[in-house]
Each structure stands twice: as C-alpha cells, then as structure tokens.
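Notes follow once the structure below has been shown.
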Amino acid sequence: MAKSVFISSTSQDLQAHRSAVHDTVLALEMLPIDMKYFGSRPGNALEVSLTEVRKADIFIGILAKRYGYIPPGETKSITELEYEEARKKGIPLLMYILDPEYEWNPEFVEDDDEAQRKLAAFKDSIEVNHVRRLFTTPENLAHMVSMDIARMQMQQSRSTLEMERLQTQSKRNRQMFAVGCAGLILIALLLVGIFIFGDEDNRTDFMAFAGLITYTPTPTVTYTPSNTATLTATATATASATTTSTVTPSNTATLTATATSTPTPTSTATVTPSN
C-alpha cells in the first residue's frame with residue numbers, strides 16, 4: 001500500500017509550491033493529502049484537516065511569510081495546529097521555511113503585527129525541534145522534498161531490515177532455549193528413572209558420568225608369595241671360641257648362625273618361611 005503524505009501550508013501565497021510538491025509526491029508513487037482536494041464533507045475546516053493529518057505517514061510543513069487562518073475559539077492558525085497534531089501522533093516531519101534572503105512578493109506578506117509575531121514564534125519552535133531546510137522557488141522546494149523523502153524511505157528500510165534481523169535472532173534464541181529446556185527435562189526424567197528402577201551400580205555410574213559425584217575406583221592389591229625362606233640366628237657371648245655354620249634345608253631355605261660361647265648366650269633370629 002502506498003504511503004500517504006500530508007502537505008501543510010498557508011494557501012494563498014504558496015499555491016505554486018504546493019502544486020510542485022504534490023506532483024513530486026505522486027512521482028514517488030505516494031499519495032498526497034492536499035486540502036485542495038478535500039472536497040465537501042461534514043465538519044469544519046480544522047476538524048477535517050486534523051482528521052487527515054492522523055491518516056498520514058509523512059508530514060510536510062511549508063512556511064513562508066503568512067501565519068494563516070486562526071479558527072474561532074483558537075489562538076493558533078490551522079497550519080500550526082496541523083503541525084502540532086502530527087508531532088503529537090509521532091508522524092515523521094519534513095519542515096521547510098522560506099529563505100529570508102529570497103525576494104518574495106510583498107502581496108504574500110501578512111500585514112498584521114500579531115500574526116507576524118506568532119509566525120516568528122512558530123518558526124523559532126521549528127528551528128529548535130527539527131532539522132529544517134530553506135527553500136526558494138517551487139522547483140527548488142520540489143527537489144528538496146524528493147531527496148528528503150527518498151532518504152527517509154532508505155532509513156526506514158534499514159530500520160525495517162534491522163528489526164527483521166532482531167526478530168529472527170530472537171526467534172532463534174527462543175528455539176535454542178526450548179531445545180535446551182527439553183534436554184534438561186529429558187535428563188531429569190532419566191535420573192528419576194534410574195533412581196527408581198536402576199540398581200546401585202547403575203545409579204553410581206550414571207551420577208559419575210553426569211558429574212554429580214566423583215568416582216574413585218578401589219585399588220587392586222596382588223599378593224605373590226615367595227618360595228624362598230631365610231633364617232638367620234646370631235648369638236653373642238664373651239667366650240674365646242667362635243663358631244659359624246650355614247644350614248640349607250631341602251626346600252631352598254638358608255640358615256646362617258653365628259655363636260660365641262658364653263655363660264649366658266643371647267640370640268636374635270629372623271625367619272622368613274617359604275612355600
């Protein structure tokens with residue numbers, strides 16, 4: 001669906017400029033909303049204008065040297081009230097002010113001090129709140145409008161692409177989270193099943209595999225008997241004679257004895273039996 005562009009300005013002094021902008025909007029395959037084509041309808045001019053502003057995707061404001069018509073019961077012109085409505089609704093605004101250095105037809109200058117004061121205050125507000133552009137001829141204004149709308153569409157396209165990318169990433173993250181949750185649930189069910197139906201060894205092995213406990217295997221001890229026995233006996237005394245003998249039994253046992261005759265012998269023996 002084509003986007004709609006509301007064209008706001010005073011009427012008598014800017015007819016040629018409005019027409020140029022109107023044609024530019026059509027050339028961009030967009031729908032201009034122009035009070036020139038409002039036709040007859042219920043409601044006063046202000047109500048109709050504000051209703052049309054709310055329908056717009058883009059608002060174009062054009063200011064020259066007329067403040068414009070102030071409806072009964074209001075203190076601001078329709079042009080300024082249209083601008084405030086668009087801003088309140090968050091509609092993107094493109095604002096254009098007549099170049100003060102450009103020669104302007106004196107007939108299109110409003111001869112009213114109060115109107116000029118309000119017009120100056122309106123322009124000051126735009127200077128503070130927007131990046132405005134200065135225009136001169138209808139062709140100059142149309143060219144700027146064309147460039148600015150194209151730039152705005154490019155920015156909106158980039159924003160749309162970025163939003164789509166973020167939405168895709170968010171969807172992928174949700175899917176990964178769901179898979180992770182499903183995995184955790186499956187593990188929990190396996191644990192419950194093992195603890196309810198498994199034996200002690202299965203529970204221990206699974207908990208060790210899952211890292212829930214530290215499994216330390218029991219060391220294995222191997223005993224290898226010896227077939228060799230050694231018997232050593234030593235006796236010490238103060239006698240003058242010393243005798244040393246070695247006895248080797250048939251089962252490869254070795255007996256070594258050293259004795260010194262004494263009145264009270266003392267002996268020490270170490271025996272290692274063999275198989």
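All residue names refer to the structure tokens as shown: chains lettered A, B, ... in order, residues numbered from 1 in each chain, ligands numbered from 1 in order.
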
Exercise for review: Give me every strand (DSSP E or B) residue in range 32-179 of chain A, going by DSSP on the backbone, as number ranges by chain.
Suggested key: A: 32-33, 58-63, 93-98, 133-135

Keeping only N, CA and C atoms, take the residues you just selected and write them out as a PDB file, in the first residue's frame.
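Result saved to out04.pdb:
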```pdb
ATOM      1  N   PRO A  32      -0.520  11.989  -2.083  1.00  0.00           N
ATOM      2  CA  PRO A  32      -0.529  13.303  -1.419  1.00  0.00           C
ATOM      3  C   PRO A  32      -1.890  13.581  -0.777  1.00  0.00           C
ATOM      4  N   ILE A  33      -1.847  14.113   0.440  1.00  0.00           N
ATOM      5  CA  ILE A  33      -3.068  14.576   1.112  1.00  0.00           C
ATOM      6  C   ILE A  33      -3.017  16.099   1.089  1.00  0.00           C
ATOM      7  N   ILE A  58       3.706  10.613   6.401  1.00  0.00           N
ATOM      8  CA  ILE A  58       4.727  11.658   6.415  1.00  0.00           C
ATOM      9  C   ILE A  58       4.018  13.009   6.413  1.00  0.00           C
ATOM     10  N   PHE A  59       4.567  13.962   7.153  1.00  0.00           N
ATOM     11  CA  PHE A  59       4.004  15.302   7.213  1.00  0.00           C
ATOM     12  C   PHE A  59       5.021  16.275   6.626  1.00  0.00           C
ATOM     13  N   ILE A  60       4.579  17.082   5.637  1.00  0.00           N
ATOM     14  CA  ILE A  60       5.420  18.119   5.051  1.00  0.00           C
ATOM     15  C   ILE A  60       4.842  19.473   5.431  1.00  0.00           C
ATOM     16  N   GLY A  61       5.647  20.282   6.138  1.00  0.00           N
ATOM     17  CA  GLY A  61       5.221  21.621   6.540  1.00  0.00           C
ATOM     18  C   GLY A  61       6.001  22.683   5.776  1.00  0.00           C
ATOM     19  N   ILE A  62       5.281  23.647   5.198  1.00  0.00           N
ATOM     20  CA  ILE A  62       5.909  24.695   4.382  1.00  0.00           C
ATOM     21  C   ILE A  62       5.488  26.049   4.945  1.00  0.00           C
ATOM     22  N   LEU A  63       6.471  26.856   5.321  1.00  0.00           N
ATOM     23  CA  LEU A  63       6.177  28.164   5.893  1.00  0.00           C
ATOM     24  C   LEU A  63       6.865  29.258   5.082  1.00  0.00           C
ATOM     25  N   LEU A  93       8.232  14.232  10.336  1.00  0.00           N
ATOM     26  CA  LEU A  93       8.003  15.579   9.798  1.00  0.00           C
ATOM     27  C   LEU A  93       9.173  16.027   8.927  1.00  0.00           C
ATOM     28  N   LEU A  94       8.847  16.642   7.807  1.00  0.00           N
ATOM     29  CA  LEU A  94       9.816  17.318   6.944  1.00  0.00           C
ATOM     30  C   LEU A  94       9.396  18.779   6.879  1.00  0.00           C
ATOM     31  N   MET A  95      10.221  19.664   7.427  1.00  0.00           N
ATOM     32  CA  MET A  95       9.842  21.071   7.557  1.00  0.00           C
ATOM     33  C   MET A  95      10.710  21.949   6.654  1.00  0.00           C
ATOM     34  N   TYR A  96      10.033  22.911   5.984  1.00  0.00           N
ATOM     35  CA  TYR A  96      10.695  23.807   5.030  1.00  0.00           C
ATOM     36  C   TYR A  96      10.255  25.248   5.313  1.00  0.00           C
ATOM     37  N   ILE A  97      11.229  26.130   5.395  1.00  0.00           N
ATOM     38  CA  ILE A  97      10.976  27.544   5.667  1.00  0.00           C
ATOM     39  C   ILE A  97      11.546  28.373   4.521  1.00  0.00           C
ATOM     40  N   LEU A  98      10.823  29.388   4.109  1.00  0.00           N
ATOM     41  CA  LEU A  98      11.286  30.262   3.035  1.00  0.00           C
ATOM     42  C   LEU A  98      12.600  30.938   3.415  1.00  0.00           C
ATOM     43  N   ARG A 133      14.871  22.900   6.295  1.00  0.00           N
ATOM     44  CA  ARG A 133      15.600  23.335   5.111  1.00  0.00           C
ATOM     45  C   ARG A 133      14.986  24.640   4.600  1.00  0.00           C
ATOM     46  N   LEU A 134      15.817  25.475   3.998  1.00  0.00           N
ATOM     47  CA  LEU A 134      15.356  26.747   3.432  1.00  0.00           C
ATOM     48  C   LEU A 134      15.109  26.567   1.933  1.00  0.00           C
ATOM     49  N   PHE A 135      13.955  27.029   1.477  1.00  0.00           N
ATOM     50  CA  PHE A 135      13.609  26.872   0.071  1.00  0.00           C
ATOM     51  C   PHE A 135      13.448  28.244  -0.589  1.00  0.00           C
TER      52      PHE A 135
END
```

Point to revise | All residues 8 Å or closer to range 1-8 of chain A, only C-alpha atoms, same chain fewer than 6 positions away omitted, as a ChimeraX atom specification | key: /A:18,21-22,25,29-35,52-53,55-62,79,82-83

Can you spit out the residues from that selection as an mmCIF file, in the first residue's frame, using C-alpha atoms?
```
data_model
loop_
_atom_site.group_PDB
_atom_site.id
_atom_site.type_symbol
_atom_site.label_atom_id
_atom_site.label_comp_id
_atom_site.auth_asym_id
_atom_site.auth_seq_id
_atom_site.Cartn_x
_atom_site.Cartn_y
_atom_site.Cartn_z
ATOM 1 C CA ARG A 18 2.173 23.172 -3.071
ATOM 2 C CA VAL A 21 5.322 19.219 -4.007
ATOM 3 C CA HIS A 22 2.049 17.475 -4.890
ATOM 4 C CA VAL A 25 4.853 13.033 -4.143
ATOM 5 C CA GLU A 29 4.342 6.678 -6.102
ATOM 6 C CA MET A 30 2.953 8.033 -2.870
ATOM 7 C CA LEU A 31 -0.439 9.525 -2.049
ATOM 8 C CA PRO A 32 -0.529 13.303 -1.419
ATOM 9 C CA ILE A 33 -3.068 14.576 1.112
ATOM 10 C CA ASP A 34 -3.797 18.110 -0.008
ATOM 11 C CA MET A 35 -6.589 20.368 1.277
ATOM 12 C CA GLU A 52 -6.473 13.914 7.509
ATOM 13 C CA VAL A 53 -3.240 14.583 9.379
ATOM 14 C CA LYS A 55 -4.008 9.339 8.360
ATOM 15 C CA ALA A 56 -0.606 10.466 7.047
ATOM 16 C CA ASP A 57 2.645 8.520 7.055
ATOM 17 C CA ILE A 58 4.727 11.658 6.415
ATOM 18 C CA PHE A 59 4.004 15.302 7.213
ATOM 19 C CA ILE A 60 5.420 18.119 5.051
ATOM 20 C CA GLY A 61 5.221 21.621 6.540
ATOM 21 C CA ILE A 62 5.909 24.695 4.382
ATOM 22 C CA THR A 79 -1.193 25.402 9.819
ATOM 23 C CA GLU A 82 -1.773 20.640 11.907
ATOM 24 C CA TYR A 83 1.917 20.623 12.748
#
```

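Residue nearest Lys36 in chain A within the list A:Glu110, A:Phe122, A:Gln153, A:Gln12: A:Gln12 [criterion: smallest interatomic distance, only C-alpha atoms].
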
Check your understanding: How would you write, as a PyMOL selection string, the set of residues in range 13-193 of chain A that DSSP gives as alpha helix (DSSP H)?
Key -> chain A and resi 15-27+45-55+78-88+113-129+138-193

Check your understanding: When you draw a straight line from CA of Ser125 in chain A to CA of Glu107 in chain A, how long is it in Å?
Key ->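 Pair CA of Ser125 in chain A / CA of Glu107 in chain A returns 25.4 Å.
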
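The interatomic distance for the pair CA of Asp111 in chain A and CA of His17 in chain A works out to 21.3 Å.
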
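Minimum distance to Glu114 in chain A across A:Leu26, A:Thr75, A:Thr168, A:Leu186 (counting only C-alpha atoms) occurs at A:Thr75.
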
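Each of A:Ser19, A:Ser157, A:Gln116, A:Asn105 was compared to Pro138 in chain A using only C-alpha atoms, and A:Ser19 turns out to be the nearest.
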
Practice item. Tell me which of A:Glu84, A:Glu127, A:Lys65, A:Ser49 sits closest to Asp113 in chain A, counting only C-alpha atoms. Key: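 Checking each of A:Glu84, A:Glu127, A:Lys65, A:Ser49 against Asp113 in chain A, counting only C-alpha atoms, the winner is A:Lys65.
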
Review point. Given the choices A:Met152, A:Ile78, A:Ala20, A:Val179, which gets closest to Asn44 in chain A if the distance is worked out from only C-alpha atoms?
Key: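 Checking each candidate against Asn44 in chain A, we get A:Ile78 as the closest.
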
**Study point:** Length of the CA of Gly73 in chain A to CA of Gln15 in chain A vector [Å]
**Key:**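 It comes out at 26.9 Å.
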